[in-house]
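Quick notes on the structure that follows.
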Amino acid sequence: MYNYHEKLKSLLSQYQVNPSQIKIEITENIAMYNETYTVSQISKLKNLGIKISLDDFGTGYSSFSMIESLPIDTLKIDKSFILDITKNKDHQTITNSMIAMAHALGIKVIAEGIENQESAELLQNFGCDYLQGYHLGRPMPVFEFQKLIRQQDAILDSNDIIPIL
């Protein structure tokens, strides 16, 4: 069987990349396919120093015990809960609970699908760590992103998120 962990470790060393600068996203459905295998593979990546994010959370069939057993750094709440969050009280309750659960487990939370200021403010009030969506910034060509990074470089340290608003 191909040992991608050793190859990845070698590439990180060869190109002098700090593993903590790498974040791998795994979708909830893939993580659920074989929980034992997923935990072992994620653990190997974590041992290299790579960060792990569980994407599309809330769309699959994960259980709270599974979330507890996964060594993840961030949980990305699927946009299907966020798009109508200002009008849907059930989505507000579920999302607020997901944020509280993740924080209780020491996991940071990203909400996907922020398309208006009201959603952004509501999620900030819930204590969501990071927001992602068109309201904050549209996809852009790499050269525009590099320009944005250069403009912000003087005021950022390596753990900051670029303020787009």
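The way I read the labels, and the way they are meant: chains A, B, ... in the order of the structure tokens, residue 1 as the first residue of every chain, and ligand 1 as the first ligand shown, with later ones counted on from there.
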
> Neighbours of Glu118 (chain A) within 12 Å (only C-alpha atoms; same-chain residues fewer than 2 positions away dropped), as an MDAnalysis selection string?
Replying inline: chainID A and resid 82:87 114:116 120:125 135

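Of the residues in region 10-120 of chain A, those given strand (DSSP E or B) by DSSP on the backbone are A:Lys23, A:Ile24, A:Glu25, A:Ile26, A:Thr27, A:Lys51, A:Ile52, A:Ser53, A:Leu54, A:Asp55, A:Asp56, A:Phe57, A:Thr74, A:Leu75, A:Lys76, A:Ile77, A:Lys108, A:Val109, A:Ile110, A:Ala111, A:Glu112.
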
Please dump the current selection as a CSV table (one decimal), in the first residue's frame; keep C-alpha atoms.
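Final file, out.csv:
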chain,number,residue,atom,x,y,z
A,23,LYS,CA,-4.9,22.5,6.2
A,24,ILE,CA,-6.6,19.5,4.7
A,25,GLU,CA,-10.3,19.5,4.4
A,26,ILE,CA,-12.2,16.2,4.6
A,27,THR,CA,-15.9,16.1,3.8
A,51,LYS,CA,-4.2,20.9,10.4
A,52,ILE,CA,-7.5,19.1,9.6
A,53,SER,CA,-10.9,20.6,8.8
A,54,LEU,CA,-14.2,18.6,8.6
A,55,ASP,CA,-16.1,20.1,5.7
A,56,ASP,CA,-19.9,20.1,5.0
A,57,PHE,CA,-20.8,19.3,8.6
A,74,THR,CA,-11.9,23.1,12.6
A,75,LEU,CA,-15.5,22.2,11.7
A,76,LYS,CA,-17.1,23.8,8.7
A,77,ILE,CA,-20.9,24.1,9.0
A,108,LYS,CA,-12.9,26.1,15.9
A,109,VAL,CA,-15.9,26.7,13.7
A,110,ILE,CA,-16.2,28.1,10.2
A,111,ALA,CA,-19.7,29.0,8.8
A,112,GLU,CA,-20.0,28.6,5.1

> How would you write, as a PyMOL selection string, the set of residues in chain A that DSSP gives as helix (DSSP H, G or I)?
Replying inline: chain A and resi 4-14+19-21+28-33+35-48+64-69+79-82+89-104+117-126+142-155

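Going from CA of Asp73 (chain A) to CA of Lys46 (chain A) covers 9.4 Å.
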
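Taking CA of Phe143 (chain A) and CA of Ser13 (chain A) as endpoints, the distance between them is 26.7 Å.
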
> Which polymer residues have any atom within 12 Å of an atom of Leu8 (chain A), counting only C-alpha atoms, with same-chain residues fewer than 2 positions away left out, as a ChimeraX atom specification?
Replying inline: /A:2-6,10-19,22,44-45,47-50

>> Neighbouring residues of Thr38 (chain A) were defined as those with any atom within 10 Å, considering only C-alpha atoms; residues of the same chain fewer than 5 positions away were excluded. Please report them as a ChimeraX atom specification.
In response: /A:26,30-33,43-44,70-71

>> Which residues are near Ile99 (chain A)? Cut-off 8 Å, only C-alpha atoms, ignore same chain within fewer than 3 positions. Put them as a list in words.
In response: Thr95, Asn96, Ala102, His103, Val109, Phe126, Gly127 and Cys128 of chain A

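Here CA of Tyr134 (chain A) is placed at a distance of 24.4 Å from CA of Asn29 (chain A).
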